[in-house]
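Novice: Structure file target04.pdb (PDB, C-alpha atoms (C1' of nucleotides)) right here:
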```pdb
ATOM      1  CA  MET I  12      31.187  69.291-125.208
ATOM      2  CA  ALA I  13      33.317  66.208-125.115
ATOM      3  CA  ASP I  14      33.666  64.391-121.842
ATOM      4  CA  VAL I  15      37.410  64.951-121.807
ATOM      5  CA  GLU I  16      37.026  68.685-122.368
ATOM      6  CA  LYS I  17      34.488  68.844-119.563
ATOM      7  CA  ARG I  18      36.875  67.112-117.186
ATOM      8  CA  TYR I  19      39.688  69.427-118.221
ATOM      9  CA  ARG I  20      37.680  72.530-117.453
ATOM     10  CA  SER I  21      36.357  71.113-114.232
ATOM     11  CA  ILE I  22      39.874  70.408-112.979
ATOM     12  CA  ILE I  23      41.059  73.863-114.009
ATOM     13  CA  LYS I  24      38.181  75.387-112.104
ATOM     14  CA  LYS I  25      39.054  73.374-109.010
ATOM     15  CA  LEU I  26      42.628  74.583-109.244
ATOM     16  CA  GLN I  27      41.557  78.207-109.544
ATOM     17  CA  ASP I  28      39.054  77.884-106.714
ATOM     18  CA  ASN I  29      41.901  76.721-104.519
ATOM     19  CA  LYS I  30      44.202  79.546-105.567
ATOM     20  CA  HIS I  31      46.652  77.463-107.529
ATOM     21  CA  LYS I  32      48.412  79.069-110.437
ATOM     22  CA  LEU I  33      47.897  77.844-113.966
ATOM     23  CA  THR I  34      51.368  77.343-115.343
ATOM     24  CA  PRO I  35      51.834  75.909-118.827
ATOM     25  CA  GLN I  36      53.377  72.755-117.365
ATOM     26  CA  ARG I  37      50.479  72.290-114.982
ATOM     27  CA  LEU I  38      47.916  72.801-117.723
ATOM     28  CA  ALA I  39      49.655  70.277-119.920
ATOM     29  CA  ILE I  40      49.682  67.702-117.142
ATOM     30  CA  VAL I  41      46.001  68.322-116.452
ATOM     31  CA  ARG I  42      45.213  67.920-120.133
ATOM     32  CA  ILE I  43      46.839  64.515-120.240
ATOM     33  CA  LEU I  44      45.172  63.347-117.052
ATOM     34  CA  ALA I  45      41.733  64.607-118.034
ATOM     35  CA  GLY I  46      41.755  62.298-121.007
ATOM     36  CA  SER I  47      43.645  59.527-119.313
ATOM     37  CA  ALA I  48      41.766  56.653-120.860
ATOM     38  CA  GLY I  49      45.054  54.811-120.859
ATOM     39  CA  HIS I  50      45.640  55.303-117.134
ATOM     40  CA  PRO I  51      49.150  56.726-117.572
ATOM     41  CA  ASN I  52      51.972  56.575-115.059
ATOM     42  CA  ILE I  53      54.343  59.381-114.127
ATOM     43  CA  GLU I  54      56.988  58.421-116.667
ATOM     44  CA  HIS I  55      54.340  58.259-119.331
ATOM     45  CA  ILE I  56      53.125  61.774-118.597
ATOM     46  CA  TYR I  57      56.700  63.006-118.410
ATOM     47  CA  GLY I  58      57.524  61.380-121.731
ATOM     48  CA  GLN I  59      54.542  62.955-123.458
ATOM     49  CA  LEU I  60      55.564  66.404-122.279
ATOM     50  CA  ARG I  61      59.276  66.363-123.006
ATOM     51  CA  GLY I  62      58.588  67.411-126.549
ATOM     52  CA  ASP I  63      56.791  70.591-125.545
ATOM     53  CA  PHE I  64      58.819  71.241-122.389
ATOM     54  CA  PRO I  65      62.374  70.027-122.911
ATOM     55  CA  THR I  66      63.528  71.282-119.507
ATOM     56  CA  MET I  67      60.584  69.889-117.580
ATOM     57  CA  SER I  68      61.536  67.971-114.491
ATOM     58  CA  LEU I  69      60.113  64.699-113.234
ATOM     59  CA  ALA I  70      59.646  66.401-109.888
ATOM     60  CA  THR I  71      57.173  68.785-111.457
ATOM     61  CA  VAL I  72      55.092  65.902-112.726
ATOM     62  CA  TYR I  73      55.148  64.260-109.320
ATOM     63  CA  ARG I  74      54.220  67.471-107.568
ATOM     64  CA  ASN I  75      51.329  68.244-109.861
ATOM     65  CA  VAL I  76      49.884  64.769-109.896
ATOM     66  CA  MET I  77      50.072  64.757-106.120
ATOM     67  CA  LEU I  78      48.359  68.142-105.959
ATOM     68  CA  LEU I  79      45.549  66.925-108.184
ATOM     69  CA  LYS I  80      45.218  63.795-106.126
ATOM     70  CA  SER I  81      44.962  65.821-102.929
ATOM     71  CA  LEU I  82      42.210  67.879-104.551
ATOM     72  CA  GLY I  83      40.362  64.672-105.364
ATOM     73  CA  GLU I  84      40.727  65.210-109.101
ATOM     74  CA  VAL I  85      42.939  62.244-109.807
ATOM     75  CA  LEU I  86      42.616  58.629-108.743
ATOM     76  CA  GLU I  87      45.880  56.894-107.946
ATOM     77  CA  LEU I  88      46.208  53.205-108.665
ATOM     78  CA  GLY I  89      49.228  51.843-106.871
ATOM     79  CA  PHE I  90      50.386  48.340-107.674
ATOM     80  CA  THR I  91      52.421  45.796-105.800
ATOM     81  CA  ASP I  92      55.301  45.962-108.236
ATOM     82  CA  GLY I  93      55.748  49.634-107.391
ATOM     83  CA  SER I  94      54.133  50.974-110.509
ATOM     84  CA  ASN I  95      51.530  53.689-110.113
ATOM     85  CA  ARG I  96      48.907  54.585-112.663
ATOM     86  CA  TYR I  97      46.634  57.629-112.648
ATOM     87  CA  ASP I  98      43.097  58.318-113.727
ATOM     88  CA  GLY I  99      42.011  61.921-113.967
ATOM     89  CA  ASN I 100      39.005  61.142-116.095
ATOM     90  CA  LYS I 101      37.094  59.180-113.464
ATOM     91  CA  PRO I 102      38.670  60.217-110.155
ATOM     92  CA  TYR I 103      36.254  58.222-107.996
ATOM     93  CA  PRO I 104      36.699  54.556-107.038
ATOM     94  CA  HIS I 105      35.693  52.121-109.745
ATOM     95  CA  PRO I 106      36.759  48.634-110.778
ATOM     96  CA  HIS I 107      39.652  48.014-113.140
ATOM     97  CA  VAL I 108      40.685  45.133-115.314
ATOM     98  CA  ILE I 109      44.412  44.899-115.891
ATOM     99  CA  CYS I 110      46.293  42.850-118.481
ATOM    100  CA  TYR I 111      49.386  41.209-117.026
ATOM    101  CA  GLN I 112      51.070  41.235-120.385
ATOM    102  CA  CYS I 113      50.467  44.591-122.074
ATOM    103  CA  LYS I 114      49.553  46.442-118.844
ATOM    104  CA  LYS I 115      46.413  47.787-120.461
ATOM    105  CA  ILE I 116      43.790  48.941-117.949
ATOM    106  CA  ILE I 117      40.087  48.867-118.730
ATOM    107  CA  ASP I 118      37.063  50.103-116.767
ATOM    108  CA  PRO I 119      34.286  47.534-116.723
ATOM    109  CA  SER I 120      30.843  48.566-115.548
ATOM    110  CA  LEU I 121      29.557  46.541-112.642
ATOM    111  CA  ALA I 122      26.312  47.097-110.836
ATOM    112  CA  THR I 123      26.625  45.136-107.608
ATOM    113  CA  LEU I 124      29.371  47.079-105.876
ATOM    114  CA  LYS I 125      27.271  49.378-103.735
ATOM    115  CA  ASP I 126      25.597  46.346-102.185
ATOM    116  CA  LEU I 127      28.970  44.877-101.334
ATOM    117  CA  THR I 128      30.103  47.991 -99.508
ATOM    118  CA  HIS I 129      26.930  47.954 -97.487
ATOM    119  CA  GLU I 130      27.338  44.264 -96.700
ATOM    120  CA  VAL I 131      30.908  44.789 -95.547
ATOM    121  CA  ALA I 132      29.954  47.688 -93.306
ATOM    122  CA  GLU I 133      27.215  45.639 -91.657
ATOM    123  CA  GLN I 134      29.448  42.676 -91.126
ATOM    124  CA  THR I 135      32.551  44.392 -89.795
ATOM    125  CA  GLY I 136      31.268  47.493 -88.082
ATOM    126  CA  PHE I 137      33.601  49.597 -90.216
ATOM    127  CA  ARG I 138      32.599  52.930 -91.617
ATOM    128  CA  ILE I 139      33.637  52.320 -95.222
ATOM    129  CA  LEU I 140      35.024  55.384 -96.969
ATOM    130  CA  THR I 141      36.364  53.994-100.209
ATOM    131  CA  HIS I 142      37.291  50.774-101.907
ATOM    132  CA  ARG I 143      39.401  49.291-104.622
ATOM    133  CA  LEU I 144      38.552  46.428-106.938
ATOM    134  CA  ASP I 145      40.966  45.131-109.549
ATOM    135  CA  PHE I 146      40.795  42.115-111.785
ATOM    136  CA  PHE I 147      43.999  40.769-113.271
ATOM    137  CA  GLY I 148      44.345  38.567-116.314
ATOM    138  CA  ILE I 149      45.166  38.413-119.988
ATOM    139  CA  CYS I 150      43.309  40.566-122.459
ATOM    140  CA  GLU I 151      41.840  39.178-125.648
ATOM    141  CA  ALA I 152      44.520  40.757-127.854
ATOM    142  CA  CYS I 153      47.404  39.338-125.855
ATOM    143  CA  HIS I 154      45.698  35.984-125.612
ATOM    144  CA  ASN I 155      45.495  35.739-129.405
ATOM    145  CA  LYS I 156      49.126  36.580-129.956
TER     146      LYS I 156
ATOM    147  CA  MET P  25      44.892  20.174 -85.454
ATOM    148  CA  ALA P  26      44.636  23.897 -85.392
ATOM    149  CA  ASP P  27      44.268  25.715 -88.664
ATOM    150  CA  VAL P  28      47.511  27.569 -88.116
ATOM    151  CA  GLU P  29      49.432  24.374 -87.463
ATOM    152  CA  LYS P  30      47.981  22.863 -90.616
ATOM    153  CA  ARG P  31      49.098  25.823 -92.669
ATOM    154  CA  TYR P  32      52.550  25.685 -91.132
ATOM    155  CA  ARG P  33      53.010  22.028 -92.053
ATOM    156  CA  SER P  34      51.599  22.548 -95.494
ATOM    157  CA  ILE P  35      54.067  25.328 -96.215
ATOM    158  CA  ILE P  36      56.961  23.278 -94.856
ATOM    159  CA  LYS P  37      55.972  20.439 -97.136
ATOM    160  CA  LYS P  38      55.848  22.737-100.140
ATOM    161  CA  LEU P  39      59.336  23.966 -99.300
ATOM    162  CA  GLN P  40      60.691  20.456 -99.007
ATOM    163  CA  ASP P  41      58.981  19.326-102.192
ATOM    164  CA  ASN P  42      60.812  22.129-103.944
ATOM    165  CA  LYS P  43      64.153  21.242-102.421
ATOM    166  CA  HIS P  44      64.491  24.274-100.234
ATOM    167  CA  LYS P  45      66.411  23.911 -97.018
ATOM    168  CA  LEU P  46      64.721  24.375 -93.685
ATOM    169  CA  THR P  47      66.908  26.803 -91.824
ATOM    170  CA  PRO P  48      65.839  28.017 -88.391
ATOM    171  CA  GLN P  49      65.317  31.521 -89.728
ATOM    172  CA  ARG P  50      63.153  30.243 -92.550
ATOM    173  CA  LEU P  51      61.066  28.112 -90.227
ATOM    174  CA  ALA P  52      60.530  31.033 -87.882
ATOM    175  CA  ILE P  53      59.380  33.233 -90.748
ATOM    176  CA  VAL P  54      57.016  30.531 -91.961
ATOM    177  CA  ARG P  55      55.601  30.150 -88.477
ATOM    178  CA  ILE P  56      54.762  33.816 -88.269
ATOM    179  CA  LEU P  57      53.218  33.897 -91.724
ATOM    180  CA  ALA P  58      51.188  30.728 -91.212
ATOM    181  CA  GLY P  59      49.333  32.382 -88.361
ATOM    182  CA  SER P  60      49.358  35.832 -89.863
ATOM    183  CA  ALA P  61      45.905  36.850 -88.717
ATOM    184  CA  GLY P  62      47.319  40.318 -88.310
ATOM    185  CA  HIS P  63      48.625  40.516 -91.875
ATOM    186  CA  PRO P  64      52.156  41.516 -90.853
ATOM    187  CA  ASN P  65      54.602  43.521 -92.903
ATOM    188  CA  ILE P  66      58.300  42.847 -93.358
ATOM    189  CA  GLU P  67      59.379  45.057 -90.473
ATOM    190  CA  HIS P  68      56.836  43.396 -88.261
ATOM    191  CA  ILE P  69      58.174  39.927 -89.020
ATOM    192  CA  TYR P  70      61.717  41.161 -88.609
ATOM    193  CA  GLY P  71      60.860  42.734 -85.279
ATOM    194  CA  GLN P  72      59.288  39.559 -83.959
ATOM    195  CA  LEU P  73      62.370  37.545 -84.812
ATOM    196  CA  ARG P  74      65.092  39.824 -83.518
ATOM    197  CA  GLY P  75      64.704  38.340 -80.074
ATOM    198  CA  ASP P  76      65.422  34.801 -81.218
ATOM    199  CA  PHE P  77      67.856  35.746 -83.988
ATOM    200  CA  PRO P  78      69.762  38.854 -82.964
ATOM    201  CA  THR P  79      71.922  38.788 -86.080
ATOM    202  CA  MET P  80      69.084  38.197 -88.496
ATOM    203  CA  SER P  81      69.102  40.484 -91.491
ATOM    204  CA  LEU P  82      66.173  42.265 -93.106
ATOM    205  CA  ALA P  83      67.355  40.833 -96.404
ATOM    206  CA  THR P  84      66.681  37.335 -95.126
ATOM    207  CA  VAL P  85      63.096  38.239 -94.336
ATOM    208  CA  TYR P  86      62.642  39.776 -97.762
ATOM    209  CA  ARG P  87      64.170  36.772 -99.496
ATOM    210  CA  ASN P  88      62.058  34.252 -97.643
ATOM    211  CA  VAL P  89      58.806  36.105 -97.999
ATOM    212  CA  MET P  90      59.519  36.436-101.692
ATOM    213  CA  LEU P  91      60.284  32.749-101.948
ATOM    214  CA  LEU P  92      57.023  31.839-100.232
ATOM    215  CA  LYS P  93      55.158  34.245-102.454
ATOM    216  CA  SER P  94      56.675  32.658-105.548
ATOM    217  CA  LEU P  95      55.567  29.258-104.277
ATOM    218  CA  GLY P  96      52.036  30.606-103.899
ATOM    219  CA  GLU P  97      52.096  30.176-100.145
ATOM    220  CA  VAL P  98      51.875  33.834 -99.243
ATOM    221  CA  LEU P  99      49.554  36.529-100.495
ATOM    222  CA  GLU P 100      51.128  39.937-100.860
ATOM    223  CA  LEU P 101      49.006  43.005-100.249
ATOM    224  CA  GLY P 102      50.759  46.039-101.640
ATOM    225  CA  PHE P 103      49.393  49.462-100.846
ATOM    226  CA  THR P 104      49.677  52.811-102.507
ATOM    227  CA  ASP P 105      51.675  54.316 -99.669
ATOM    228  CA  GLY P 106      54.398  51.741-100.279
ATOM    229  CA  SER P 107      53.525  49.531 -97.350
ATOM    230  CA  ASN P 108      53.228  45.826 -98.010
ATOM    231  CA  ARG P 109      51.363  43.344 -95.842
ATOM    232  CA  TYR P 110      51.482  39.574 -96.072
ATOM    233  CA  ASP P 111      49.008  36.785 -95.505
ATOM    234  CA  GLY P 112      50.340  33.243 -95.274
ATOM    235  CA  ASN P 113      47.227  31.888 -93.677
ATOM    236  CA  LYS P 114      44.928  32.438 -96.622
ATOM    237  CA  PRO P 115      47.255  32.779 -99.622
ATOM    238  CA  TYR P 116      44.457  32.975-102.177
ATOM    239  CA  PRO P 117      42.692  36.207-103.217
ATOM    240  CA  HIS P 118      40.042  37.362-100.802
ATOM    241  CA  PRO P 119      38.577  40.711 -99.794
ATOM    242  CA  HIS P 120      40.090  42.839 -97.069
ATOM    243  CA  VAL P 121      38.799  45.638 -94.898
ATOM    244  CA  ILE P 122      41.479  48.063 -93.789
ATOM    245  CA  CYS P 123      41.296  50.685 -91.051
ATOM    246  CA  TYR P 124      42.920  53.949 -92.111
ATOM    247  CA  GLN P 125      43.743  54.799 -88.529
ATOM    248  CA  CYS P 126      45.074  51.689 -86.769
ATOM    249  CA  LYS P 127      45.974  49.837 -89.995
ATOM    250  CA  LYS P 128      44.110  46.766 -88.819
ATOM    251  CA  ILE P 129      43.158  44.387 -91.646
ATOM    252  CA  ILE P 130      40.108  42.139 -91.431
ATOM    253  CA  ASP P 131      38.823  39.422 -93.762
ATOM    254  CA  PRO P 132      35.100  39.769 -94.364
ATOM    255  CA  SER P 133      33.218  36.922 -95.979
ATOM    256  CA  LEU P 134      31.408  37.892 -99.137
ATOM    257  CA  ALA P 135      29.467  35.589-101.367
ATOM    258  CA  THR P 136      29.003  37.503-104.591
ATOM    259  CA  LEU P 137      32.572  37.712-105.799
ATOM    260  CA  LYS P 138      32.632  34.709-108.095
ATOM    261  CA  ASP P 139      29.727  36.159-110.035
ATOM    262  CA  LEU P 140      31.584  39.421-110.441
ATOM    263  CA  THR P 141      34.645  37.736-111.915
ATOM    264  CA  HIS P 142      32.456  35.947-114.396
ATOM    265  CA  GLU P 143      30.645  39.144-115.306
ATOM    266  CA  VAL P 144      33.914  40.949-115.884
ATOM    267  CA  ALA P 145      35.274  38.179-118.087
ATOM    268  CA  GLU P 146      32.134  38.224-120.232
ATOM    269  CA  GLN P 147      32.147  41.961-120.576
ATOM    270  CA  THR P 148      35.806  42.544-121.340
ATOM    271  CA  GLY P 149      36.977  39.388-123.071
ATOM    272  CA  PHE P 150      39.755  39.061-120.499
ATOM    273  CA  ARG P 151      40.792  35.734-119.097
ATOM    274  CA  ILE P 152      40.683  36.684-115.406
ATOM    275  CA  LEU P 153      43.376  35.014-113.314
ATOM    276  CA  THR P 154      43.072  36.780-110.001
ATOM    277  CA  HIS P 155      41.592  39.816-108.358
ATOM    278  CA  ARG P 156      41.920  42.125-105.441
ATOM    279  CA  LEU P 157      39.183  43.762-103.421
ATOM    280  CA  ASP P 158      39.887  46.118-100.552
ATOM    281  CA  PHE P 159      37.574  48.297 -98.519
ATOM    282  CA  PHE P 160      39.021  51.227 -96.624
ATOM    283  CA  GLY P 161      37.505  53.013 -93.698
ATOM    284  CA  ILE P 162      37.496  53.432 -89.945
ATOM    285  CA  CYS P 163      36.980  50.461 -87.671
ATOM    286  CA  GLU P 164      34.535  50.508 -84.799
ATOM    287  CA  ALA P 165      37.248  50.760 -82.138
ATOM    288  CA  CYS P 166      38.932  53.761 -83.759
ATOM    289  CA  HIS P 167      35.597  55.382 -84.419
ATOM    290  CA  ASN P 168      34.701  55.255 -80.708
ATOM    291  CA  LYS P 169      37.945  56.784 -79.558
TER     292      LYS P 169
ATOM    293  C1'  DT X   3      54.680  93.174-106.416
ATOM    294  C1'  DT X   4      53.657  89.083-104.284
ATOM    295  C1'  DT X   5      53.394  84.397-103.903
ATOM    296  C1'  DG X   6      53.606  80.085-105.570
ATOM    297  C1'  DC X   7      55.938  77.182-109.144
ATOM    298  C1'  DT X   8      59.767  75.079-111.615
ATOM    299  C1'  DG X   9      64.210  72.816-112.416
ATOM    300  C1'  DC X  10      68.056  71.033-110.544
ATOM    301  C1'  DA X  11      70.449  68.210-107.512
ATOM    302  C1'  DA X  12      70.727  65.959-103.383
ATOM    303  C1'  DA X  13      68.328  63.230 -99.913
ATOM    304  C1'  DT X  14      65.399  59.620 -98.650
ATOM    305  C1'  DA X  15      63.385  54.987 -97.918
ATOM    306  C1'  DG X  16      62.221  50.553 -99.093
ATOM    307  C1'  DT X  17      63.962  46.787-101.457
ATOM    308  C1'  DT X  18      67.393  44.026-103.929
ATOM    309  C1'  DT X  19      71.916  42.144-104.864
ATOM    310  C1'  DG X  20      77.028  40.433-104.616
ATOM    311  C1'  DC X  21      79.902  38.100-101.956
ATOM    312  C1'  DA X  22      82.210  35.261 -98.456
ATOM    313  C1'  DG X  23      81.468  32.320 -94.791
ATOM    314  C1'  DA X  24      78.079  29.212 -92.278
ATOM    315  C1'  DG X  25      75.038  25.525 -92.067
ATOM    316  C1'  DA X  26      71.342  22.061 -93.859
ATOM    317  C1'  DC X  27      71.181  17.721 -95.813
TER     318       DC X  27
ATOM    319  C1'  DG S  15      81.117  17.209 -99.092
ATOM    320  C1'  DT S  16      77.931  19.859-101.695
ATOM    321  C1'  DC S  17      75.128  23.473-102.449
ATOM    322  C1'  DT S  18      71.918  26.622-100.687
ATOM    323  C1'  DC S  19      71.198  30.156 -97.233
ATOM    324  C1'  DT S  20      72.522  33.952 -94.300
ATOM    325  C1'  DG S  21      74.426  38.446 -92.866
ATOM    326  C1'  DC S  22      76.588  42.355 -94.176
ATOM    327  C1'  DA S  23      77.141  46.237 -96.912
ATOM    328  C1'  DA S  24      76.603  48.359-101.039
ATOM    329  C1'  DA S  25      73.568  49.243-104.951
ATOM    330  C1'  DC S  26      69.375  50.486-106.800
ATOM    331  C1'  DT S  27      65.039  52.885-107.930
ATOM    332  C1'  DA S  28      61.126  55.521-107.321
ATOM    333  C1'  DT S  29      59.848  59.383-104.983
ATOM    334  C1'  DT S  30      60.480  63.544-102.148
ATOM    335  C1'  DT S  31      62.672  67.773-100.645
ATOM    336  C1'  DG S  32      65.629  72.261-100.278
ATOM    337  C1'  DC S  33      66.800  75.975-102.610
ATOM    338  C1'  DA S  34      67.415  79.789-105.865
ATOM    339  C1'  DG S  35      65.544  81.875-109.680
ATOM    340  C1'  DC S  36      61.276  82.497-112.547
ATOM    341  C1'  DA S  37      56.626  83.548-113.725
ATOM    342  C1'  DA S  38      51.451  83.818-112.892
ATOM    343  C1'  DA S  39      48.186  86.851-111.134
TER     344       DA S  39
END
```
Could you show the structure in this file as structure tokens?
Specialist:
Amino acid sequence: MADVEKRYRSIIKKLQDNKHKLTPQRLAIVRILAGSAGHPNIEHIYGQLRGDFPTMSLATVYRNVMLLKSLGEVLELGFTDGSNRYDGNKPYPHPHVICYQCKKIIDPSLATLKDLTHEVAEQTGFRILTHRLDFFGICEACHNK
Amino acid sequence: MADVEKRYRSIIKKLQDNKHKLTPQRLAIVRILAGSAGHPNIEHIYGQLRGDFPTMSLATVYRNVMLLKSLGEVLELGFTDGSNRYDGNKPYPHPHVICYQCKKIIDPSLATLKDLTHEVAEQTGFRILTHRLDFFGICEACHNK
DNA sequence: TTTGCTGCAAATAGTTTGCAGAGAC
DNA sequence: GTCTCTGCAAACTATTTGCAGCAAA
């Protein structure tokens, strides 16, 4: 079973376990987020669904993404410029690399992060619950343009 | 000379070098940001200045903070919940530790970050220009309450 | 049948902008 | 004297909310 399909089913199960109804709109939003390699934003999700649901409202997208976030099934990446991006494929904290130009977001794999969290906790006395690590720059494609 | 005083003068110089006028409001905003150990937000700065400048407008704070940010003299920390915090004391990227409860922000000192940036660049082909690393949790004081 | 969900429209909140007068240089 | 800056108020934009009807279970 593909990774995306697995995520889709796992989110659906979480919804059912928490007594949320499975409306067509909700399922469509979950489907997009489960495979959200591109880290879509609200408008993006909305745009993808307008074809299938011409009367769909932005508010519905907001409400569902927020619901999934509150269930821990979607990771929200808020940015300083006000743009928000969502990741329903890997809903746990992980580093991102963001291209300033094309806004592409990539997930690099880094090993050393757990150590850092531990180091920070020791040093500050905080109980660390989560973290966020983003790198910003220009991707290879944009650089070669 | 105290670190804060040094920062203050350095920002003033940058303003003058770029032909910006030194109004009392602007100087007061710079003074707060130069010693911004507490990582204030716009409202915070505004609140601190209302005593000295009863007619001061929020827009003036926004405009000046934005100006200083564009000059590279202030680091903006935007958060998902829409709150923005500013650091004019250390305007370059550095990690932060944020308390969910009291909203306190601390600067830990971590050594391994440069390596990470390099690793990410190698792995993704990006030219990394900046980064952001935040840890979220509960500080010792809040935890003991 | 019940309860939660959707779409619409209005409300909200944080931030930005246009403009006329004030003030730095 | 010139030109930028400020304060005010209005504009803007992304997001949230109230409500009535609709649909999942």
Novice: Need the shell around range 10-15 of chain X: protein/DNA/RNA residues with any atom at most 9 Å away, counting all atoms listed in the file. Skip same-chain ones fewer than 5 positions apart. Format as a list in words?
Specialist: Ser68 of chain I; DT29, DT30, DT31 and DG32 of chain S
Novice: Under the rule of at most 10 Å, produce a per-residue listing of chain P near chain X: chain, number, name, the closest pair of atoms, and the distance in Å, as CSV, using all atoms listed in the file.
Specialist:
```
residue,atom,partner,partner_atom,distance
P:His44,CA,X:DA26,C1',9.6
P:Lys45,CA,X:DA26,C1',6.1
P:Leu46,CA,X:DA26,C1',7.0
P:Thr47,CA,X:DA26,C1',6.8
P:Pro48,CA,X:DA26,C1',9.8
P:Leu82,CA,X:DT17,C1',9.8
P:Ala83,CA,X:DT18,C1',8.2
P:Tyr86,CA,X:DT17,C1',8.0
P:Arg87,CA,X:DT18,C1',9.1
P:Gly106,CA,X:DG16,C1',8.0
P:Ser107,CA,X:DG16,C1',8.9
```
Novice: When you draw a straight line from CA of Ala26 in chain P to CA of Ala135 in chain P, how long is it in Å?
Specialist: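 Calculated distance between CA of Ala26 in chain P and CA of Ala135 in chain P is 24.9 Å.
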Novice: What residues in chain P have any atom no more than 10 Å from chain I when counting only C-alpha atoms, and can you write them as a CSV table (one decimal) with C-alpha atoms, in the coordinates of the input?
Specialist:
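The resulting selection15.csv:
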```csv
chain,number,residue,atom,x,y,z
P,100,GLU,CA,51.1,39.9,-100.9
P,101,LEU,CA,49.0,43.0,-100.2
P,102,GLY,CA,50.8,46.0,-101.6
P,103,PHE,CA,49.4,49.5,-100.8
P,104,THR,CA,49.7,52.8,-102.5
P,105,ASP,CA,51.7,54.3,-99.7
P,106,GLY,CA,54.4,51.7,-100.3
P,107,SER,CA,53.5,49.5,-97.4
P,108,ASN,CA,53.2,45.8,-98.0
P,119,PRO,CA,38.6,40.7,-99.8
P,120,HIS,CA,40.1,42.8,-97.1
P,121,VAL,CA,38.8,45.6,-94.9
P,122,ILE,CA,41.5,48.1,-93.8
P,123,CYS,CA,41.3,50.7,-91.1
P,124,TYR,CA,42.9,53.9,-92.1
P,130,ILE,CA,40.1,42.1,-91.4
P,131,ASP,CA,38.8,39.4,-93.8
P,132,PRO,CA,35.1,39.8,-94.4
P,133,SER,CA,33.2,36.9,-96.0
P,134,LEU,CA,31.4,37.9,-99.1
P,135,ALA,CA,29.5,35.6,-101.4
P,136,THR,CA,29.0,37.5,-104.6
P,137,LEU,CA,32.6,37.7,-105.8
P,139,ASP,CA,29.7,36.2,-110.0
P,140,LEU,CA,31.6,39.4,-110.4
P,141,THR,CA,34.6,37.7,-111.9
P,143,GLU,CA,30.6,39.1,-115.3
P,144,VAL,CA,33.9,40.9,-115.9
P,145,ALA,CA,35.3,38.2,-118.1
P,147,GLN,CA,32.1,42.0,-120.6
P,148,THR,CA,35.8,42.5,-121.3
P,149,GLY,CA,37.0,39.4,-123.1
P,150,PHE,CA,39.8,39.1,-120.5
P,151,ARG,CA,40.8,35.7,-119.1
P,152,ILE,CA,40.7,36.7,-115.4
P,153,LEU,CA,43.4,35.0,-113.3
P,154,THR,CA,43.1,36.8,-110.0
P,155,HIS,CA,41.6,39.8,-108.4
P,156,ARG,CA,41.9,42.1,-105.4
P,157,LEU,CA,39.2,43.8,-103.4
P,158,ASP,CA,39.9,46.1,-100.6
P,159,PHE,CA,37.6,48.3,-98.5
P,160,PHE,CA,39.0,51.2,-96.6
P,161,GLY,CA,37.5,53.0,-93.7
P,162,ILE,CA,37.5,53.4,-89.9
P,163,CYS,CA,37.0,50.5,-87.7
P,164,GLU,CA,34.5,50.5,-84.8
P,165,ALA,CA,37.2,50.8,-82.1
P,166,CYS,CA,38.9,53.8,-83.8
P,167,HIS,CA,35.6,55.4,-84.4
```
Novice: Given the file shown, enumerate the residues that the PyMOL selection byres ((chain S) within 9 of (chain P)) captures and present them as number ranges by chain.
Specialist: S: 18-22
Novice: Could you jot down the CA of Arg33 in chain P to CA of Tyr116 in chain P separation for me, Å, one decimal place?
Specialist: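 The value is 17.2 Å.
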Novice: Could you tell me how far CA of Arg109 in chain P sits from CA of Lys138 in chain P, in Å to one decimal place?
Specialist: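 One can read the CA of Lys138 in chain P to CA of Arg109 in chain P distance as 24.0 Å.
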Novice: First collect every listed atom of range 27-46 of chain I; then fit an axis-aligned box around them, widen it by 8 Å on each side, and give centre and edge lengths in Å to one decimal, as JSON.
Specialist:
```
{"center_x": 46.2, "center_y": 70.9, "center_z": -112.8, "size_x": 30.3, "size_y": 33.2, "size_z": 32.5}
```
Novice: Evaluate the PyMOL selection byres ((chain I and resi 86) around 6) here and jot the selected residues down as a list in words.
Specialist: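 Taken over the shown coordinates, the PyMOL selection byres ((chain I and resi 86) around 6) returns Val85, Glu87, Tyr97, Asp98 and Pro102 of chain I.
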Novice: Can you list, as an mmCIF file with C-alpha atoms, keeping the file's coordinate frame, every protein, DNA or RNA residue that comes within 10 Å of Ile35 in chain P when you count only C-alpha atoms (C1' of nucleotides), leaving out same-chain residues fewer than 2 positions away?
Specialist:
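Produced file result31.cif, reproduced below:
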```cif
data_model
loop_
_atom_site.group_PDB
_atom_site.id
_atom_site.type_symbol
_atom_site.label_atom_id
_atom_site.label_comp_id
_atom_site.auth_asym_id
_atom_site.auth_seq_id
_atom_site.Cartn_x
_atom_site.Cartn_y
_atom_site.Cartn_z
ATOM 1 C CA GLU P 29 49.432 24.374 -87.463
ATOM 2 C CA LYS P 30 47.981 22.863 -90.616
ATOM 3 C CA ARG P 31 49.098 25.823 -92.669
ATOM 4 C CA TYR P 32 52.550 25.685 -91.132
ATOM 5 C CA ARG P 33 53.010 22.028 -92.053
ATOM 6 C CA LYS P 37 55.972 20.439 -97.136
ATOM 7 C CA LYS P 38 55.848 22.737 -100.140
ATOM 8 C CA LEU P 39 59.336 23.966 -99.300
ATOM 9 C CA GLN P 40 60.691 20.456 -99.007
ATOM 10 C CA ASP P 41 58.981 19.326 -102.192
ATOM 11 C CA LEU P 51 61.066 28.112 -90.227
ATOM 12 C CA VAL P 54 57.016 30.531 -91.961
ATOM 13 C CA ARG P 55 55.601 30.150 -88.477
ATOM 14 C CA LEU P 57 53.218 33.897 -91.724
ATOM 15 C CA ALA P 58 51.188 30.728 -91.212
ATOM 16 C CA LEU P 92 57.023 31.839 -100.232
ATOM 17 C CA LEU P 95 55.567 29.258 -104.277
ATOM 18 C CA GLY P 96 52.036 30.606 -103.899
ATOM 19 C CA GLU P 97 52.096 30.176 -100.145
ATOM 20 C CA VAL P 98 51.875 33.834 -99.243
ATOM 21 C CA GLY P 112 50.340 33.243 -95.274
ATOM 22 C CA ASN P 113 47.227 31.888 -93.677
#
```
